[in-house]
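The next block is input.cif, given as mmCIF, C-alpha atoms.
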```cif
data_work
loop_
_atom_site.label_atom_id
_atom_site.label_comp_id
_atom_site.auth_asym_id
_atom_site.auth_seq_id
_atom_site.Cartn_x
_atom_site.Cartn_y
_atom_site.Cartn_z
CA MET F 56 99.15 88.86 86.87
CA SER F 57 101.44 89.03 83.85
CA ASP F 58 104.56 91.18 83.62
CA LYS F 59 102.67 93.55 81.35
CA ILE F 60 101.63 96.74 83.02
CA LYS F 61 98.10 96.98 84.34
CA PRO F 62 97.30 100.60 85.20
CA TYR F 63 94.72 99.74 87.86
CA TYR F 64 94.35 96.64 90.01
CA GLU F 65 92.92 95.67 93.36
CA ARG F 66 94.28 93.56 96.20
CA ASN F 67 93.34 94.66 99.71
CA LEU F 68 93.21 98.16 98.27
CA PRO F 69 93.05 99.35 94.66
CA HIS F 70 96.45 100.36 93.32
CA TYR F 71 96.80 102.90 90.52
CA GLN F 72 100.00 101.98 88.68
CA PRO F 73 100.18 103.66 85.27
CA SER F 74 102.94 102.83 82.82
CA TYR F 75 105.93 105.16 82.67
CA ALA F 76 105.45 106.90 86.01
CA ASP F 77 107.51 108.02 88.97
CA PHE F 78 106.60 106.14 92.15
CA PHE F 79 107.11 106.66 95.87
CA VAL F 80 107.13 103.19 97.44
CA THR F 81 107.30 102.05 101.06
CA PHE F 82 107.64 98.47 102.24
CA ARG F 83 108.17 97.22 105.78
CA LEU F 84 109.23 94.21 107.80
CA ALA F 85 106.54 91.73 108.77
CA GLY F 86 105.40 92.38 112.33
CA SER F 87 106.83 95.89 112.45
CA ILE F 88 103.50 97.37 113.57
CA PRO F 89 101.30 95.78 116.30
CA VAL F 90 98.53 93.56 114.94
CA SER F 91 95.78 95.58 116.66
CA VAL F 92 96.97 98.78 114.98
CA VAL F 93 97.27 97.08 111.59
CA THR F 94 93.75 95.64 111.97
CA GLN F 95 92.28 99.08 112.58
CA LEU F 96 94.20 100.57 109.68
CA MET F 97 93.03 97.78 107.39
CA LYS F 98 89.41 98.35 108.37
CA GLU F 99 89.70 102.04 107.56
CA ARG F 100 91.56 101.26 104.35
CA GLU F 101 89.03 98.65 103.26
CA LEU F 102 86.09 101.01 103.75
CA GLU F 103 87.79 103.77 101.83
CA GLY F 104 88.92 101.34 99.13
CA LYS F 105 85.36 100.14 98.60
CA ARG F 106 84.12 103.70 98.35
CA ILE F 107 86.79 104.55 95.78
CA ALA F 108 86.07 101.38 93.80
CA GLN F 109 82.44 102.46 93.37
CA ILE F 110 83.41 105.66 91.58
CA THR F 111 82.56 105.18 87.91
CA ASN F 112 84.48 108.13 86.51
CA GLN F 113 88.05 106.91 86.07
CA LYS F 114 89.59 110.36 86.41
CA ALA F 115 87.68 111.06 89.62
CA LYS F 116 88.61 107.58 90.93
CA ILE F 117 92.29 108.28 90.38
CA GLU F 118 92.01 111.69 92.06
CA GLU F 119 90.33 110.18 95.12
CA TYR F 120 92.83 107.35 95.32
CA HIS F 121 95.75 109.77 95.00
CA SER F 122 94.50 111.89 97.90
CA PHE F 123 93.77 108.85 100.06
CA GLN F 124 97.18 107.28 99.44
CA LYS F 125 98.99 110.49 100.32
CA GLU F 126 97.14 110.69 103.64
CA TYR F 127 97.67 106.99 104.31
CA PHE F 128 101.40 107.18 103.57
CA LEU F 129 101.92 109.90 106.19
CA LYS F 130 99.89 108.06 108.82
CA PHE F 131 101.58 104.75 108.18
CA ASP F 132 105.11 106.15 108.03
CA GLY F 133 104.57 107.95 111.31
CA LEU F 134 103.65 104.67 112.94
CA LEU F 135 106.73 102.95 111.54
CA ASP F 136 109.06 105.65 112.79
CA LYS F 137 107.57 105.42 116.28
CA SER F 138 107.40 101.63 116.45
CA ASP F 139 109.67 100.11 119.11
CA ASN F 140 107.97 96.74 118.85
CA GLY F 141 108.61 94.04 116.31
CA PRO F 142 111.75 93.26 114.33
CA ASN F 143 114.40 95.82 113.41
CA TRP F 144 116.53 93.54 111.26
CA LEU F 145 117.46 96.34 108.88
CA LYS F 146 119.58 97.81 111.68
CA ILE F 147 122.00 94.95 111.04
CA PRO F 148 124.56 96.28 108.51
CA GLU F 149 124.77 92.98 106.63
CA ILE F 150 120.99 92.89 106.19
CA ALA F 151 120.81 96.55 105.17
CA ASN F 152 123.57 95.86 102.67
CA ILE F 153 121.56 93.04 101.08
CA VAL F 154 118.67 95.42 100.52
CA ASN F 155 120.95 98.25 99.42
CA ASP F 156 122.67 96.08 96.80
CA ALA F 157 119.41 94.62 95.52
CA ILE F 158 117.86 98.07 95.03
CA LYS F 159 120.93 99.36 93.20
CA TYR F 160 121.32 96.19 91.11
CA ARG F 161 117.89 96.73 89.53
CA ASP F 162 118.68 100.33 88.58
CA GLU F 163 118.47 100.74 84.78
CA LYS F 164 117.23 97.14 84.52
CA ASP F 165 113.75 97.18 86.07
CA TYR F 166 113.53 100.90 86.85
CA GLN F 167 115.45 104.15 87.06
CA LEU F 168 116.48 104.68 90.66
CA ILE F 169 115.90 108.20 91.95
CA ALA F 170 116.34 107.85 95.73
CA PHE F 171 115.97 105.47 98.65
CA THR F 172 116.43 105.24 102.40
CA ILE F 173 116.67 102.06 104.47
CA MET F 174 115.41 102.46 108.04
CA SER F 175 115.41 99.87 110.83
CA ASN F 176 112.04 98.36 109.91
CA HIS F 177 111.07 99.82 106.53
CA VAL F 178 112.37 101.07 103.20
CA HIS F 179 111.43 104.12 101.13
CA MET F 180 112.15 104.13 97.40
CA VAL F 181 111.58 106.66 94.64
CA ILE F 182 111.81 105.11 91.18
CA SER F 183 110.77 105.75 87.61
CA THR F 184 109.39 103.01 85.37
CA GLU F 185 109.76 105.05 82.19
CA HIS F 186 110.60 102.82 79.20
CA LYS F 187 110.45 99.69 81.40
CA GLU F 188 108.00 97.02 80.26
CA ILE F 189 107.43 95.49 83.68
CA SER F 190 104.81 96.31 86.29
CA LEU F 191 105.63 97.86 89.64
CA TYR F 192 103.91 94.85 91.22
CA LYS F 193 106.42 92.47 89.60
CA ILE F 194 109.38 94.73 90.40
CA LEU F 195 108.57 94.74 94.09
CA GLN F 196 107.69 91.06 94.13
CA SER F 197 111.13 90.19 92.76
CA LEU F 198 112.98 92.63 95.00
CA LYS F 199 111.25 91.53 98.18
CA ARG F 200 111.52 87.81 97.38
CA HIS F 201 115.28 88.02 96.79
CA THR F 202 116.05 90.17 99.82
CA ALA F 203 113.82 88.08 102.07
CA ARG F 204 115.52 84.86 101.02
CA GLU F 205 119.04 86.24 101.50
CA SER F 206 118.21 88.00 104.77
CA ASN F 207 116.53 84.94 106.26
CA LYS F 208 119.56 82.88 105.27
CA LEU F 209 121.86 85.29 107.10
CA LEU F 210 119.55 85.38 110.13
CA ALA F 211 119.22 81.57 110.13
CA ARG F 212 115.44 81.87 110.24
CA THR F 213 112.39 81.01 108.16
CA GLY F 214 109.04 82.70 107.69
CA ALA F 215 107.82 86.03 106.42
CA PHE F 216 110.48 88.72 106.28
CA TRP F 217 108.56 91.54 104.58
CA HIS F 218 104.94 92.47 105.11
CA HIS F 219 103.08 91.06 102.11
CA GLU F 220 101.85 94.36 100.68
CA SER F 221 103.78 97.48 99.72
CA TYR F 222 102.45 101.01 99.55
CA ASP F 223 102.87 102.96 96.35
CA HIS F 224 102.08 106.53 95.41
CA VAL F 225 102.20 107.99 91.91
CA ILE F 226 104.25 111.20 91.75
CA ARG F 227 102.46 113.69 89.56
CA ASN F 228 104.95 116.42 88.76
CA ASP F 229 108.51 117.64 89.30
CA LYS F 230 107.57 119.77 92.31
CA GLU F 231 106.07 116.79 94.12
CA LEU F 232 109.05 114.65 93.11
CA VAL F 233 111.51 117.04 94.77
CA GLN F 234 109.35 117.19 97.91
CA ILE F 235 109.16 113.41 98.17
CA VAL F 236 112.88 112.88 97.57
CA LYS F 237 113.60 115.36 100.39
CA TYR F 238 111.08 113.54 102.60
CA VAL F 239 112.75 110.18 101.92
CA LEU F 240 116.27 111.44 102.53
CA ASN F 241 115.28 113.26 105.71
CA ASN F 242 113.64 110.20 107.28
CA PRO F 243 116.71 109.27 109.41
CA VAL F 244 117.18 112.95 110.30
CA LYS F 245 113.57 113.20 111.46
CA ALA F 246 114.10 110.03 113.51
CA GLY F 247 117.06 111.66 115.27
CA LEU F 248 119.60 109.19 113.93
CA VAL F 249 121.82 111.72 112.12
CA LYS F 250 122.05 115.48 111.73
CA SER F 251 122.10 115.47 107.93
CA TRP F 252 120.94 112.89 105.41
CA GLN F 253 124.45 112.57 103.95
CA GLU F 254 125.59 111.00 107.24
CA TRP F 255 123.17 108.09 106.85
CA LYS F 256 124.92 105.18 105.13
CA TRP F 257 121.71 103.68 103.79
CA SER F 258 120.43 106.70 101.85
CA TYR F 259 120.96 107.53 98.19
CA THR F 260 119.77 109.95 95.54
CA LYS F 261 120.95 110.54 92.02
CA TYR F 262 120.26 114.25 92.48
CA ASP F 263 122.65 116.83 93.88
CA MET F 264 120.62 117.80 96.96
#
```
Final structure tokens representation of the file:
Amino acid sequence: MSDKIKPYYERNLPHYQPSYADFFVTFRLAGSIPVSVVTQLMKERELEGKRIAQITNQKAKIEEYHSFQKEYFLKFDGLLDKSDNGPNWLKIPEIANIVNDAIKYRDEKDYQLIAFTIMSNHVHMVISTEHKEISLYKILQSLKRHTARESNKLLARTGAFWHHESYDHVIRNDKELVQIVKYVLNNPVKAGLVKSWQEWKWSYTKYDM
């Protein structure tokens, strides 16, 4: 895939990634959810992805995909928050700092950073690709490759650091954007780690919330 934006592509699941959009993105550590649970989720996702791919009307396809991704995000994030198995390397301040710095470094270069939260085994980001001639796929590929390399170096390990696929959701309007930013910032509050999002060191938003 070239750096040029492709508005619709398929991997394990079709991704709708229009140019100049606001995105809610989640990516997680490899092994952060038990294999049996991931297998079941992938089966459900594959079936739904095939059904969506058969829709010939592009507008209807996007609508169906949007609804499915929203439902999938909530299910998947709930599993991540409850997961006590697998690695929690992002709890290590030095590792979290690598990710924090990498996300902020790309602000105004690859995207406009709106908000993010780094949890123990996953990361939520809200970004805008307006006026940026690079695909979301390439943005995340670069971000994950760099942070994986530096984190593995610090951990003195080799192998997969991030799960290979990220989960992206196109934000459709300002109302949804505000809701998602609040959702992202409140993730550590919901997990019982802090009483307010401002207390969490690994959260950020450019808005005055």
Could you tell me which residues the PyMOL selection byres ((chain F and resi 162-175) around 6) grabs in this file, written as a PDB file with C-alpha atoms, keeping the file's coordinate frame?
```pdb
ATOM      1  CA  ASN F 143     114.400  95.820 113.410  1.00  0.00           C
ATOM      2  CA  LEU F 145     117.460  96.340 108.880  1.00  0.00           C
ATOM      3  CA  LYS F 146     119.580  97.810 111.680  1.00  0.00           C
ATOM      4  CA  LYS F 159     120.930  99.360  93.200  1.00  0.00           C
ATOM      5  CA  TYR F 160     121.320  96.190  91.110  1.00  0.00           C
ATOM      6  CA  ARG F 161     117.890  96.730  89.530  1.00  0.00           C
ATOM      7  CA  ASN F 176     112.040  98.360 109.910  1.00  0.00           C
ATOM      8  CA  HIS F 177     111.070  99.820 106.530  1.00  0.00           C
ATOM      9  CA  VAL F 178     112.370 101.070 103.200  1.00  0.00           C
ATOM     10  CA  HIS F 179     111.430 104.120 101.130  1.00  0.00           C
ATOM     11  CA  MET F 180     112.150 104.130  97.400  1.00  0.00           C
ATOM     12  CA  VAL F 181     111.580 106.660  94.640  1.00  0.00           C
ATOM     13  CA  ILE F 182     111.810 105.110  91.180  1.00  0.00           C
ATOM     14  CA  SER F 183     110.770 105.750  87.610  1.00  0.00           C
ATOM     15  CA  THR F 184     109.390 103.010  85.370  1.00  0.00           C
ATOM     16  CA  TRP F 257     121.710 103.680 103.790  1.00  0.00           C
ATOM     17  CA  SER F 258     120.430 106.700 101.850  1.00  0.00           C
ATOM     18  CA  TYR F 259     120.960 107.530  98.190  1.00  0.00           C
ATOM     19  CA  THR F 260     119.770 109.950  95.540  1.00  0.00           C
ATOM     20  CA  LYS F 261     120.950 110.540  92.020  1.00  0.00           C
TER      21      LYS F 261
END
```
Quiz item: By how many Å are CA of Lys137 in chain F and CA of Thr213 in chain F apart?
Solution: 26.2 Å
Quiz item: Quick one: residues within 7 Å of Tyr222 in chain F, all atoms listed in the file counted, chain neighbours fewer than 5 positions away excluded, as a ChimeraX atom specification?
Solution: /F:80-82
Self-check item: Within 12 Å of Glu119 in chain F using all atoms listed in the file, minus same-chain residues under 3 positions, as a PyMOL selection string
Solution: chain F and resi 69-71+103-116+122-126
Selected residues written out, C-alpha atoms, as a PDB file, in the coordinates of the input:
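What landed in again36.pdb:
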```pdb
ATOM      1  CA  PRO F  69      93.050  99.350  94.660  1.00  0.00           C
ATOM      2  CA  HIS F  70      96.450 100.360  93.320  1.00  0.00           C
ATOM      3  CA  TYR F  71      96.800 102.900  90.520  1.00  0.00           C
ATOM      4  CA  GLU F 103      87.790 103.770 101.830  1.00  0.00           C
ATOM      5  CA  GLY F 104      88.920 101.340  99.130  1.00  0.00           C
ATOM      6  CA  LYS F 105      85.360 100.140  98.600  1.00  0.00           C
ATOM      7  CA  ARG F 106      84.120 103.700  98.350  1.00  0.00           C
ATOM      8  CA  ILE F 107      86.790 104.550  95.780  1.00  0.00           C
ATOM      9  CA  ALA F 108      86.070 101.380  93.800  1.00  0.00           C
ATOM     10  CA  GLN F 109      82.440 102.460  93.370  1.00  0.00           C
ATOM     11  CA  ILE F 110      83.410 105.660  91.580  1.00  0.00           C
ATOM     12  CA  THR F 111      82.560 105.180  87.910  1.00  0.00           C
ATOM     13  CA  ASN F 112      84.480 108.130  86.510  1.00  0.00           C
ATOM     14  CA  GLN F 113      88.050 106.910  86.070  1.00  0.00           C
ATOM     15  CA  LYS F 114      89.590 110.360  86.410  1.00  0.00           C
ATOM     16  CA  ALA F 115      87.680 111.060  89.620  1.00  0.00           C
ATOM     17  CA  LYS F 116      88.610 107.580  90.930  1.00  0.00           C
ATOM     18  CA  SER F 122      94.500 111.890  97.900  1.00  0.00           C
ATOM     19  CA  PHE F 123      93.770 108.850 100.060  1.00  0.00           C
ATOM     20  CA  GLN F 124      97.180 107.280  99.440  1.00  0.00           C
ATOM     21  CA  LYS F 125      98.990 110.490 100.320  1.00  0.00           C
ATOM     22  CA  GLU F 126      97.140 110.690 103.640  1.00  0.00           C
TER      23      GLU F 126
END
```
Self-check item: Atomic distance CA of Lys199 in chain F - CA of Ile147 in chain F, expressed in Å with one decimal
Solution: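 Atom-to-atom, CA of Lys199 in chain F to CA of Ile147 in chain F, that is 17.1 Å.
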Exercise. Using CA of Thr94 in chain F and CA of Tyr120 in chain F as the two end points, give the distance in Å to one decimal.
Key: 20.4 Å
Quiz item: Skipping near chain neighbours, those fewer than 2 positions away, what residues fall within 9 Å of Ala85 in chain F using all atoms listed in the file, listed as a list in words?
Solution: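 Skipping anything fewer than 2 positions along the chain leaves Arg83, Ser87, Ile88, Gly141, Pro142, Asn176, Ala215, Phe216, Trp217, His218 and His219 of chain F.
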Quiz prompt | Hits of the PyMOL selection byres ((chain F and resi 196) around 12) in this structure, as number ranges by chain | solution = F: 56, 58, 82, 165, 189-195, 197-203, 217-221
Practice problem: Within 9 Å of Ile153 in chain F, counting all atoms listed in the file, which residues show up once you throw out same-chain ones fewer than 5 positions away? Write them as a ChimeraX atom specification, please. | Solution: /F:148,158,202,205-206
Self-check item: Contacts of Asn228 in chain F at 12 Å (only C-alpha atoms; same-chain gap of 5+ positions) as number ranges by chain
Solution: F: 76-78, 233-235
Quiz item: Using only C-alpha atoms, which residue out of F:Asn207, F:Lys256, F:Phe131, F:Lys230 lies closest to Arg100 in chain F?
Solution: F:Phe131
